[in-house]
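Colleague: File follows, protein_6.pdb with PDB, C-alpha atoms and all ligand atoms:
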ATOM      1  CA  MET A 280      -3.777 -87.948  77.121
ATOM      2  CA  THR A 281      -6.964 -89.047  75.347
ATOM      3  CA  GLN A 282      -7.495 -87.530  71.907
ATOM      4  CA  ALA A 283     -10.500 -85.170  72.179
ATOM      5  CA  ARG A 284     -13.414 -86.045  69.896
ATOM      6  CA  PRO A 285     -17.018 -84.785  69.698
ATOM      7  CA  PHE A 286     -18.824 -85.175  73.046
ATOM      8  CA  ILE A 287     -22.187 -85.537  71.272
ATOM      9  CA  LYS A 288     -23.555 -87.202  68.171
ATOM     10  CA  TRP A 289     -24.584 -84.519  65.692
ATOM     11  CA  VAL A 290     -26.193 -84.853  62.289
ATOM     12  CA  GLY A 291     -23.664 -83.945  59.615
ATOM     13  CA  GLY A 292     -20.640 -84.913  61.724
ATOM     14  CA  LYS A 293     -17.533 -84.688  59.588
ATOM     15  CA  THR A 294     -15.322 -87.426  61.034
ATOM     16  CA  GLN A 295     -15.267 -89.215  57.665
ATOM     17  CA  LEU A 296     -14.270 -86.075  55.784
ATOM     18  CA  LEU A 297     -11.250 -85.042  57.860
ATOM     19  CA  ASP A 298      -8.814 -86.254  55.246
ATOM     20  CA  GLU A 299     -10.555 -84.196  52.561
ATOM     21  CA  VAL A 300     -10.421 -81.132  54.795
ATOM     22  CA  ARG A 301      -6.685 -81.738  55.271
ATOM     23  CA  LYS A 302      -6.170 -81.954  51.497
ATOM     24  CA  SER A 303      -8.025 -78.657  51.036
ATOM     25  CA  LEU A 304      -5.687 -76.715  53.345
ATOM     26  CA  PRO A 305      -2.756 -74.703  51.991
ATOM     27  CA  ARG A 306       0.321 -76.949  51.641
ATOM     28  CA  ASP A 307       2.326 -74.877  54.083
ATOM     29  CA  PHE A 308      -0.479 -74.650  56.634
ATOM     30  CA  ALA A 309       1.392 -76.524  59.378
ATOM     31  CA  SER A 310       4.284 -74.053  59.278
ATOM     32  CA  ARG A 311       2.227 -70.854  59.253
ATOM     33  CA  GLN A 312       2.428 -68.725  62.373
ATOM     34  CA  HIS A 313      -0.272 -66.844  64.313
ATOM     35  CA  VAL A 314      -3.132 -68.687  62.637
ATOM     36  CA  THR A 315      -6.702 -68.064  63.816
ATOM     37  CA  TYR A 316      -9.262 -70.792  63.095
ATOM     38  CA  VAL A 317     -12.956 -69.882  62.785
ATOM     39  CA  GLU A 318     -15.867 -72.298  62.558
ATOM     40  CA  PRO A 319     -19.209 -70.457  62.164
ATOM     41  CA  PHE A 320     -21.413 -73.619  62.238
ATOM     42  CA  VAL A 321     -19.547 -75.777  64.744
ATOM     43  CA  GLY A 322     -22.205 -78.438  65.492
ATOM     44  CA  GLY A 323     -20.536 -81.488  67.042
ATOM     45  CA  GLY A 324     -17.110 -79.982  66.382
ATOM     46  CA  ALA A 325     -15.493 -82.986  64.658
ATOM     47  CA  VAL A 326     -13.337 -80.715  62.482
ATOM     48  CA  MET A 327     -12.561 -78.241  65.258
ATOM     49  CA  PHE A 328     -11.372 -80.900  67.751
ATOM     50  CA  TRP A 329      -9.303 -82.588  65.053
ATOM     51  CA  ILE A 330      -7.697 -79.476  63.562
ATOM     52  CA  LEU A 331      -6.753 -77.901  66.909
ATOM     53  CA  GLN A 332      -4.944 -81.073  67.981
ATOM     54  CA  GLU A 333      -3.394 -81.740  64.559
ATOM     55  CA  TYR A 334      -2.066 -78.193  64.044
ATOM     56  CA  PRO A 335      -0.639 -76.740  67.274
ATOM     57  CA  ASN A 336       0.390 -73.669  65.243
ATOM     58  CA  ILE A 337      -3.257 -72.524  65.428
ATOM     59  CA  GLU A 338      -2.904 -69.856  68.064
ATOM     60  CA  ARG A 339      -6.541 -69.081  68.656
ATOM     61  CA  ALA A 340      -9.953 -70.319  67.591
ATOM     62  CA  ILE A 341     -13.479 -68.947  67.423
ATOM     63  CA  ILE A 342     -16.464 -71.274  67.222
ATOM     64  CA  ASN A 343     -20.112 -70.340  66.773
ATOM     65  CA  ASP A 344     -23.484 -72.008  66.434
ATOM     66  CA  ILE A 345     -27.067 -70.754  66.540
ATOM     67  CA  ASN A 346     -28.123 -73.564  68.886
ATOM     68  CA  GLN A 347     -28.059 -72.015  72.383
ATOM     69  CA  GLU A 348     -28.060 -75.210  74.419
ATOM     70  CA  LEU A 349     -25.215 -76.622  72.341
ATOM     71  CA  ILE A 350     -23.176 -73.476  72.936
ATOM     72  CA  TYR A 351     -23.953 -73.459  76.700
ATOM     73  CA  THR A 352     -22.596 -77.006  76.736
ATOM     74  CA  TYR A 353     -19.337 -76.013  75.017
ATOM     75  CA  ARG A 354     -18.904 -73.187  77.529
ATOM     76  CA  VAL A 355     -19.544 -75.437  80.529
ATOM     77  CA  ILE A 356     -17.051 -78.013  79.207
ATOM     78  CA  LYS A 357     -14.491 -75.253  78.820
ATOM     79  CA  GLU A 358     -15.061 -73.571  82.184
ATOM     80  CA  ASN A 359     -16.684 -76.021  84.557
ATOM     81  CA  VAL A 360     -15.978 -79.556  83.424
ATOM     82  CA  GLU A 361     -15.648 -81.127  86.899
ATOM     83  CA  GLU A 362     -19.136 -80.047  87.987
ATOM     84  CA  LEU A 363     -20.544 -81.243  84.679
ATOM     85  CA  ILE A 364     -18.896 -84.658  85.110
ATOM     86  CA  ALA A 365     -20.383 -84.978  88.618
ATOM     87  CA  VAL A 366     -23.952 -84.318  87.380
ATOM     88  CA  LEU A 367     -23.582 -86.549  84.303
ATOM     89  CA  ALA A 368     -22.094 -89.415  86.334
ATOM     90  CA  HIS A 369     -25.103 -89.160  88.641
ATOM     91  CA  PHE A 370     -27.528 -89.368  85.655
ATOM     92  CA  GLN A 371     -25.600 -92.356  84.341
ATOM     93  CA  ASP A 372     -25.692 -94.173  87.700
ATOM     94  CA  GLU A 373     -29.447 -93.622  87.927
ATOM     95  CA  TYR A 374     -30.314 -94.515  84.314
ATOM     96  CA  ILE A 375     -28.160 -97.547  83.449
ATOM     97  CA  PRO A 376     -29.531-100.022  86.071
ATOM     98  CA  LEU A 377     -33.190 -99.288  85.154
ATOM     99  CA  ALA A 378     -35.450-101.668  83.216
ATOM    100  CA  ALA A 379     -36.538-100.595  79.705
ATOM    101  CA  GLU A 380     -39.865 -98.959  80.697
ATOM    102  CA  ASP A 381     -38.295 -97.143  83.639
ATOM    103  CA  ARG A 382     -35.474 -95.860  81.421
ATOM    104  CA  LYS A 383     -38.101 -94.432  79.089
ATOM    105  CA  ALA A 384     -39.906 -92.678  81.955
ATOM    106  CA  TYR A 385     -36.569 -91.292  83.255
ATOM    107  CA  PHE A 386     -35.738 -90.007  79.747
ATOM    108  CA  PHE A 387     -39.094 -88.194  79.443
ATOM    109  CA  GLU A 388     -38.690 -86.657  82.876
ATOM    110  CA  LYS A 389     -35.294 -85.265  81.860
ATOM    111  CA  ARG A 390     -36.677 -84.072  78.512
ATOM    112  CA  VAL A 391     -39.427 -82.073  80.306
ATOM    113  CA  CYS A 392     -36.814 -80.638  82.653
ATOM    114  CA  PHE A 393     -34.598 -79.595  79.710
ATOM    115  CA  ASN A 394     -37.546 -77.948  77.932
ATOM    116  CA  THR A 395     -38.477 -75.787  80.943
ATOM    117  CA  LYS A 396     -35.244 -73.869  80.180
ATOM    118  CA  LYS A 397     -35.066 -73.021  83.893
ATOM    119  CA  THR A 398     -31.987 -75.086  84.709
ATOM    120  CA  ASN A 399     -28.591 -73.581  85.521
ATOM    121  CA  PRO A 400     -25.790 -73.838  82.895
ATOM    122  CA  VAL A 401     -24.219 -77.020  84.338
ATOM    123  CA  GLU A 402     -27.610 -78.789  84.554
ATOM    124  CA  THR A 403     -28.528 -77.620  81.039
ATOM    125  CA  ALA A 404     -25.272 -79.010  79.652
ATOM    126  CA  ALA A 405     -25.689 -82.312  81.538
ATOM    127  CA  LEU A 406     -29.278 -82.678  80.279
ATOM    128  CA  PHE A 407     -28.182 -81.826  76.742
ATOM    129  CA  ILE A 408     -25.518 -84.554  76.743
ATOM    130  CA  PHE A 409     -27.751 -87.077  78.545
ATOM    131  CA  LEU A 410     -30.602 -86.581  76.033
ATOM    132  CA  ASN A 411     -28.211 -86.759  73.082
ATOM    133  CA  ARG A 412     -26.765 -90.051  74.337
ATOM    134  CA  THR A 413     -30.096 -91.703  75.117
ATOM    135  CA  CYS A 414     -32.472 -90.350  72.444
ATOM    136  CA  PHE A 415     -33.299 -91.929  69.100
ATOM    137  CA  ASN A 416     -30.183 -91.852  66.879
ATOM    138  CA  GLY A 417     -28.636 -88.897  68.729
ATOM    139  CA  LEU A 418     -30.858 -86.520  66.765
ATOM    140  CA  TYR A 419     -31.543 -82.934  67.767
ATOM    141  CA  ARG A 420     -34.944 -81.766  66.622
ATOM    142  CA  VAL A 421     -37.236 -79.112  68.043
ATOM    143  CA  ASN A 422     -40.926 -78.334  67.511
ATOM    144  CA  SER A 423     -42.355 -74.931  66.568
ATOM    145  CA  LYS A 424     -42.118 -73.831  70.232
ATOM    146  CA  GLY A 425     -38.427 -74.672  70.271
ATOM    147  CA  GLU A 426     -38.956 -77.744  72.472
ATOM    148  CA  PHE A 427     -36.689 -80.745  72.004
ATOM    149  CA  ASN A 428     -38.984 -83.573  70.885
ATOM    150  CA  VAL A 429     -36.842 -86.574  69.869
ATOM    151  CA  PRO A 430     -38.142 -89.897  71.295
ATOM    152  CA  HIS A 431     -36.251 -92.247  73.581
ATOM    153  CA  GLY A 432     -33.621 -94.485  71.924
ATOM    154  CA  LYS A 433     -32.951 -98.074  72.773
ATOM    155  CA  TYR A 434     -29.222 -98.325  73.387
ATOM    156  CA  ALA A 435     -28.251-101.185  75.714
ATOM    157  CA  ASN A 436     -25.319 -99.414  77.308
ATOM    158  CA  PRO A 437     -25.002 -95.782  76.215
ATOM    159  CA  ARG A 438     -21.872 -93.951  77.339
ATOM    160  CA  ILE A 439     -23.424 -90.979  79.094
ATOM    161  CA  CYS A 440     -20.402 -89.758  81.042
ATOM    162  CA  ASP A 441     -17.124 -90.190  79.160
ATOM    163  CA  VAL A 442     -14.814 -88.639  81.745
ATOM    164  CA  ASP A 443     -11.556 -88.884  79.766
ATOM    165  CA  ASN A 444     -13.038 -87.368  76.641
ATOM    166  CA  LEU A 445     -14.717 -84.516  78.551
ATOM    167  CA  HIS A 446     -11.369 -83.652  80.153
ATOM    168  CA  ALA A 447      -9.643 -83.803  76.745
ATOM    169  CA  CYS A 448     -12.345 -81.576  75.175
ATOM    170  CA  SER A 449     -12.002 -79.088  78.029
ATOM    171  CA  ALA A 450      -8.232 -78.892  77.475
ATOM    172  CA  VAL A 451      -8.655 -78.206  73.731
ATOM    173  CA  LEU A 452     -11.332 -75.552  74.375
ATOM    174  CA  GLN A 453      -9.034 -73.431  76.560
ATOM    175  CA  LYS A 454      -7.862 -71.440  73.516
ATOM    176  CA  VAL A 455     -11.315 -71.227  71.946
ATOM    177  CA  ASP A 456     -13.758 -68.289  72.106
ATOM    178  CA  ILE A 457     -17.300 -69.648  72.019
ATOM    179  CA  LEU A 458     -20.027 -67.546  70.396
ATOM    180  CA  CYS A 459     -23.754 -68.104  69.987
ATOM    181  CA  GLY A 460     -25.500 -66.406  67.090
ATOM    182  CA  ASP A 461     -25.841 -66.121  63.354
ATOM    183  CA  PHE A 462     -22.822 -67.218  61.276
ATOM    184  CA  SER A 463     -22.461 -63.698  59.864
ATOM    185  CA  GLU A 464     -21.180 -62.455  63.243
ATOM    186  CA  THR A 465     -17.932 -64.371  62.774
ATOM    187  CA  GLY A 466     -17.099 -62.283  59.683
ATOM    188  CA  ARG A 467     -15.337 -59.734  61.855
ATOM    189  CA  TYR A 468     -12.502 -62.194  62.512
ATOM    190  CA  ALA A 469     -11.583 -62.481  58.826
ATOM    191  CA  GLY A 470      -8.011 -61.442  58.023
ATOM    192  CA  PRO A 471      -4.835 -62.658  56.295
ATOM    193  CA  ASP A 472      -3.987 -65.250  58.981
ATOM    194  CA  THR A 473      -7.476 -66.675  59.371
ATOM    195  CA  LEU A 474      -8.850 -70.013  58.199
ATOM    196  CA  PHE A 475     -12.627 -70.583  58.158
ATOM    197  CA  TYR A 476     -14.110 -74.060  57.962
ATOM    198  CA  ILE A 477     -17.759 -73.656  56.989
ATOM    199  CA  ASP A 478     -20.189 -76.532  57.406
ATOM    200  CA  PRO A 479     -23.743 -75.172  57.128
ATOM    201  CA  PRO A 480     -26.938 -77.221  57.300
ATOM    202  CA  TYR A 481     -26.935 -78.947  53.943
ATOM    203  CA  LYS A 482     -29.262 -78.186  51.100
ATOM    204  CA  PRO A 483     -31.680 -81.148  51.110
ATOM    205  CA  ILE A 484     -31.032 -83.206  48.001
ATOM    206  CA  THR A 485     -34.094 -85.405  48.234
ATOM    207  CA  GLU A 486     -37.606 -84.723  49.498
ATOM    208  CA  THR A 487     -37.013 -86.982  52.499
ATOM    209  CA  SER A 488     -33.475 -85.974  53.368
ATOM    210  CA  SER A 489     -34.447 -82.824  55.257
ATOM    211  CA  PHE A 490     -35.515 -85.053  58.139
ATOM    212  CA  THR A 491     -34.185 -82.859  60.839
ATOM    213  CA  SER A 492     -34.159 -79.249  61.785
ATOM    214  CA  TYR A 493     -31.273 -78.116  63.975
ATOM    215  CA  SER A 494     -33.230 -75.144  65.269
ATOM    216  CA  LYS A 495     -36.589 -73.528  64.682
ATOM    217  CA  ASP A 496     -35.149 -71.444  61.861
ATOM    218  CA  GLY A 497     -34.530 -73.511  58.747
ATOM    219  CA  PHE A 498     -31.668 -72.971  56.311
ATOM    220  CA  ASN A 499     -33.182 -72.480  52.870
ATOM    221  CA  ASP A 500     -31.771 -71.427  49.471
ATOM    222  CA  GLU A 501     -31.855 -67.753  50.464
ATOM    223  CA  GLU A 502     -29.669 -68.625  53.445
ATOM    224  CA  GLN A 503     -27.290 -70.504  51.131
ATOM    225  CA  ILE A 504     -27.031 -67.345  49.003
ATOM    226  CA  ARG A 505     -26.421 -65.210  52.111
ATOM    227  CA  LEU A 506     -23.647 -67.650  53.043
ATOM    228  CA  ARG A 507     -22.065 -67.320  49.585
ATOM    229  CA  ASP A 508     -22.048 -63.525  50.039
ATOM    230  CA  PHE A 509     -20.353 -64.063  53.402
ATOM    231  CA  CYS A 510     -17.655 -66.204  51.691
ATOM    232  CA  VAL A 511     -17.114 -63.442  49.123
ATOM    233  CA  GLN A 512     -16.699 -60.893  51.908
ATOM    234  CA  ILE A 513     -14.237 -62.909  54.014
ATOM    235  CA  SER A 514     -12.241 -63.627  50.843
ATOM    236  CA  LYS A 515     -12.017 -59.867  50.211
ATOM    237  CA  ASP A 516     -10.727 -59.575  53.780
ATOM    238  CA  LYS A 517      -8.005 -62.081  52.749
ATOM    239  CA  ALA A 518      -9.183 -65.009  54.889
ATOM    240  CA  LEU A 519      -8.925 -68.571  53.615
ATOM    241  CA  PHE A 520     -12.038 -70.708  53.663
ATOM    242  CA  VAL A 521     -13.048 -74.316  53.065
ATOM    243  CA  ALA A 522     -16.793 -75.060  52.954
ATOM    244  CA  SER A 523     -18.727 -78.311  52.621
ATOM    245  CA  ASN A 524     -22.186 -78.971  51.264
ATOM    246  CA  SER A 525     -24.322 -81.691  49.765
ATOM    247  CA  ASP A 526     -24.133 -82.252  46.022
ATOM    248  CA  PRO A 527     -27.579 -81.897  44.416
ATOM    249  CA  LYS A 528     -26.114 -83.387  41.223
ATOM    250  CA  ASP A 529     -26.242 -86.797  42.924
ATOM    251  CA  VAL A 530     -29.987 -86.800  42.472
ATOM    252  CA  ASN A 531     -30.418 -84.431  39.560
ATOM    253  CA  PRO A 532     -27.400 -84.241  37.181
ATOM    254  CA  SER A 533     -28.624 -80.986  35.618
ATOM    255  CA  GLU A 534     -28.859 -79.178  38.975
ATOM    256  CA  ASN A 535     -26.233 -76.420  39.055
ATOM    257  CA  PHE A 536     -27.197 -74.541  42.203
ATOM    258  CA  PHE A 537     -23.790 -74.575  43.916
ATOM    259  CA  ASP A 538     -21.769 -74.587  40.664
ATOM    260  CA  THR A 539     -23.444 -71.305  39.751
ATOM    261  CA  LEU A 540     -23.406 -69.849  43.242
ATOM    262  CA  TYR A 541     -19.685 -70.477  43.805
ATOM    263  CA  ASN A 542     -18.443 -70.103  40.221
ATOM    264  CA  HIS A 543     -15.608 -67.790  41.338
ATOM    265  CA  PHE A 544     -14.240 -70.367  43.778
ATOM    266  CA  ILE A 545     -12.688 -73.831  43.600
ATOM    267  CA  ILE A 546     -15.275 -76.634  43.743
ATOM    268  CA  LYS A 547     -14.206 -80.244  44.359
ATOM    269  CA  ARG A 548     -16.490 -83.265  44.485
ATOM    270  CA  VAL A 549     -15.379 -85.833  47.039
ATOM    271  CA  SER A 550     -16.827 -89.196  47.934
ATOM    272  CA  ALA A 551     -18.714 -89.386  51.232
ATOM    273  CA  ALA A 552     -20.386 -92.363  52.848
ATOM    274  CA  ARG A 553     -23.476 -90.544  54.030
ATOM    275  CA  MET A 554     -27.097 -91.467  54.435
ATOM    276  CA  ILE A 555     -29.201 -89.521  51.944
ATOM    277  CA  ASN A 556     -32.471 -91.256  52.492
ATOM    278  CA  SER A 557     -34.222 -92.505  55.581
ATOM    279  CA  ASP A 558     -34.617 -96.000  54.138
ATOM    280  CA  ALA A 559     -31.682 -98.371  53.891
ATOM    281  CA  SER A 560     -31.633 -98.348  50.072
ATOM    282  CA  GLY A 561     -30.647 -94.682  50.167
ATOM    283  CA  ARG A 562     -27.359 -95.453  51.874
ATOM    284  CA  GLY A 563     -24.231 -95.428  49.787
ATOM    285  CA  ALA A 564     -21.276 -93.420  48.671
ATOM    286  CA  ILE A 565     -22.485 -90.123  47.302
ATOM    287  CA  SER A 566     -20.469 -87.055  46.640
ATOM    288  CA  GLU A 567     -20.035 -84.041  48.773
ATOM    289  CA  LEU A 568     -18.886 -80.594  47.715
ATOM    290  CA  MET A 569     -15.742 -78.982  49.075
ATOM    291  CA  ILE A 570     -15.663 -75.335  48.072
ATOM    292  CA  SER A 571     -12.699 -73.136  48.817
ATOM    293  CA  ASN A 572     -10.541 -70.173  47.919
ATOM    294  CA  VAL A 573      -7.311 -72.077  48.671
ATOM    295  CA  VAL A 574      -5.519 -71.973  45.323
ATOM    296  CA  ASN A 575      -2.910 -74.717  45.835
ATOM    297  CA  ALA A 576      -5.430 -77.269  47.170
TER
HETATM  298  C1  LIG A 601     -24.042 -79.491  59.489
HETATM  299  S1  LIG A 601     -24.113 -78.897  61.129
HETATM  300  C2  LIG A 601     -22.447 -78.772  61.427
HETATM  301  C3  LIG A 601     -21.813 -80.134  61.559
HETATM  302  C4  LIG A 601     -20.453 -80.075  62.265
HETATM  303  N1  LIG A 601     -19.432 -79.462  61.448
HETATM  304  C5  LIG A 601     -20.008 -81.418  62.760
HETATM  305  O1  LIG A 601     -19.017 -81.925  62.305
HETATM  306  O2  LIG A 601     -20.723 -81.992  63.592
HETATM  307  C6  LIG A 601     -24.724 -77.275  60.948
HETATM  308  C7  LIG A 601     -24.876 -76.439  62.224
HETATM  309  O3  LIG A 601     -25.297 -75.118  61.849
HETATM  310  C8  LIG A 601     -26.093 -74.563  62.891
HETATM  311  N2  LIG A 601     -26.839 -73.429  62.291
HETATM  312  C9  LIG A 601     -27.994 -73.421  61.583
HETATM  313  N3  LIG A 601     -28.288 -72.182  61.156
HETATM  314  C10 LIG A 601     -27.284 -71.365  61.591
HETATM  315  C11 LIG A 601     -26.991 -69.969  61.454
HETATM  316  N4  LIG A 601     -27.809 -69.145  60.766
HETATM  317  N5  LIG A 601     -25.877 -69.489  62.027
HETATM  318  C12 LIG A 601     -25.043 -70.295  62.740
HETATM  319  N6  LIG A 601     -25.266 -71.627  62.910
HETATM  320  C13 LIG A 601     -26.364 -72.158  62.334
HETATM  321  C14 LIG A 601     -26.900 -75.742  63.386
HETATM  322  O4  LIG A 601     -27.323 -75.533  64.723
HETATM  323  C15 LIG A 601     -25.914 -76.916  63.236
HETATM  324  O5  LIG A 601     -25.249 -77.193  64.441
END
With the file now loaded, output its structure as structure tokens.
Ligand SMILES: C[S@@+](CC[C@H](N)C(=O)[O-])C[C@H]1O[C@@H](n2cnc3c(N)ncnc32)[C@H](O)[C@@H]1O
Modeller:
Amino acid sequence: MTQARPFIKWVGGKTQLLDEVRKSLPRDFASRQHVTYVEPFVGGGAVMFWILQEYPNIERAIINDINQELIYTYRVIKENVEELIAVLAHFQDEYIPLAAEDRKAYFFEKRVCFNTKKTNPVETAALFIFLNRTCFNGLYRVNSKGEFNVPHGKYANPRICDVDNLHACSAVLQKVDILCGDFSETGRYAGPDTLFYIDPPYKPITETSSFTSYSKDGFNDEEQIRLRDFCVQISKDKALFVASNSDPKDVNPSENFFDTLYNHFIIKRVSAARMINSDASGRGAISELMISNVVNA
């Protein structure tokens, strides 16, 4: 069976950090029973797909995101994957043979269709995946009216309908409850056998690094503080958590925002190959914060 991996490209994908997440888990995690896994900002789900396949002792999972179309897509993959594959395969068969200009026109037609928000769940999910696969850099950005506005990308042969991976994702999602809302709503699942992996929109560390907005509501410092309060509360409820964020010290060594905010928790700095600037010179290994309440990590 194919190993399930994210079915979309998503800014902030954590594929490169999986090993650091593993090292942050309790040493006996694999042998714990009745574990519930909660991911309040699931995005592309790189950690969720990995952890649920790596640790079969996780009995149940809850994922959440504020992005409605993303969550509709997860639900369709869980419940109606065959119909989704049929629609996506049709889009792929129509798009791939077209010449460059015709591909662009096809993309814009589908973008308008997606933004009408009048499609049924299967069509919405198919459009969401199609646009993600064919838009510029797989970005998701919306304007002030909530309309997806990323331009067409120029991939020679984008994989629009990855049948094996969609089946594998659907299989993994069978034990997952899929919620759409604010992260705080997942707090009710906190308990002694619960692990939260928390990957919020990162605090921008340079003026230009906040190049994308996942939804019309931004995630500013007040939101970061609200998230810290959430971590305090789930810790009181005896849940374990591991959270990632950007490290503002990379740009300004005297910046102590997260060190102060999370001073009662364990903060590790790990190396991450991540793009921090939109120009090529900004690429390079920078550090990333892993914050947790797992004492033996
Ligand atoms: C950094 S991404 C997560 C990346 C993901 N872990 C991955 O590997 O692809 C952050 C996610 O938080 C979501 N988000 C933003 N504000 C939110 C909120 N208040 N509550 C829940 N989700 C939110 C965004 O839609 C986005 O998908």
Colleague: If you measure from CA of Tyr476 (chain A) to CA of Val521 (chain A), what distance in Å do you get, rounded to one decimal?
Modeller: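 Distance reported for this atom pair: 5.0 Å.
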Colleague: Mind giving me the straight-line distance from CA of Ile356 (chain A) to CA of Ser449 (chain A) in Å, one decimal?
Modeller: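 Rounded to one decimal, the two atoms are 5.3 Å apart.
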Colleague: Neighbours of ligand LIG 601 (chain A) at 7 Å or closer, counting only C-alpha atoms and all ligand atoms: which residues, as JSON, numbers by chain?
Modeller: {"A": [289, 290, 291, 292, 293, 294, 319, 320, 321, 322, 323, 324, 325, 326, 343, 344, 345, 346, 460, 461, 462, 478, 479, 480, 481, 493, 494, 496, 497, 498]}
Colleague: Give me the residues within 10 Å of Ser310 (chain A) as a list in words, counting all atoms listed in the file and dropping any in the same chain fewer than 6 places off.
Modeller: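 Using all atoms listed in the file, the neighbours found are Tyr334, Pro335, Asn336 and Ile337 of chain A.
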Colleague: Can you work out the spacing between CA of Lys433 (chain A) and CA of Ala384 (chain A) in Å, to one decimal?
Modeller: 12.7 Å
Colleague: Mind telling me what the PyMOL selection byres (((chain A and resi 443) around 12) and not hetatm) catches here, as JSON, numbers by chain?
Modeller: {"A": [280, 281, 282, 283, 284, 286, 360, 361, 364, 438, 440, 441, 442, 444, 445, 446, 447, 448, 449, 450]}
Colleague: Apply the PyMOL selection byres (((chain A and resi 469-473) around 6) and not hetatm) to the structure shown and report the selected residues as a PyMOL selection string.
Modeller: chain A and resi 314-316+466-468+474+513+516-518
Colleague: Here's the selection I'm unsure about, the PyMOL selection byres (((chain A and resi 302) around 12) and not hetatm); applied to the file above, which residues does it give, as a PyMOL selection string?
Modeller: chain A and resi 296-301+303-308+521+547+549+569+571+573-576
Colleague: For Ala551 (chain A), find every residue with an atom within 8 Å (counting all atoms listed in the file), except residues of its own chain fewer than 3 positions away, and show them as a list in words.
Modeller: Gln295, Leu296, Ala564, Ile565, Ser566 and Glu567 of chain A
Colleague: Please identify all polymer residues within 10 Å of region 370-377 of chain A, counting all atoms listed in the file, omitting same-chain residues fewer than 2 positions from it, and present them as a VMD selection string.
Modeller: chain A and resid 364 to 368 379 to 386 389 405 to 406 409 413 435 to 440
Colleague: Near Arg505 (chain A), within 12 Å and counting all atoms listed in the file, which residues show up once chain neighbours fewer than 4 positions away are dropped, as a list in words?
Modeller: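 Final neighbour list, sorted by chain and number: Asp461, Phe462, Ser463, Pro479, Phe498, Asn499, Asp500, Glu501, Phe509, Cys510, Val511, Gln512, Leu540 and Tyr541 of chain A.
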Colleague: Tell me which of A:Glu348, A:Glu362, A:Asp529, A:Asp456 sits closest to Glu426 (chain A), counting all atoms listed in the file.
Modeller: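 Closest residue, counting all atoms listed in the file: A:Glu348.
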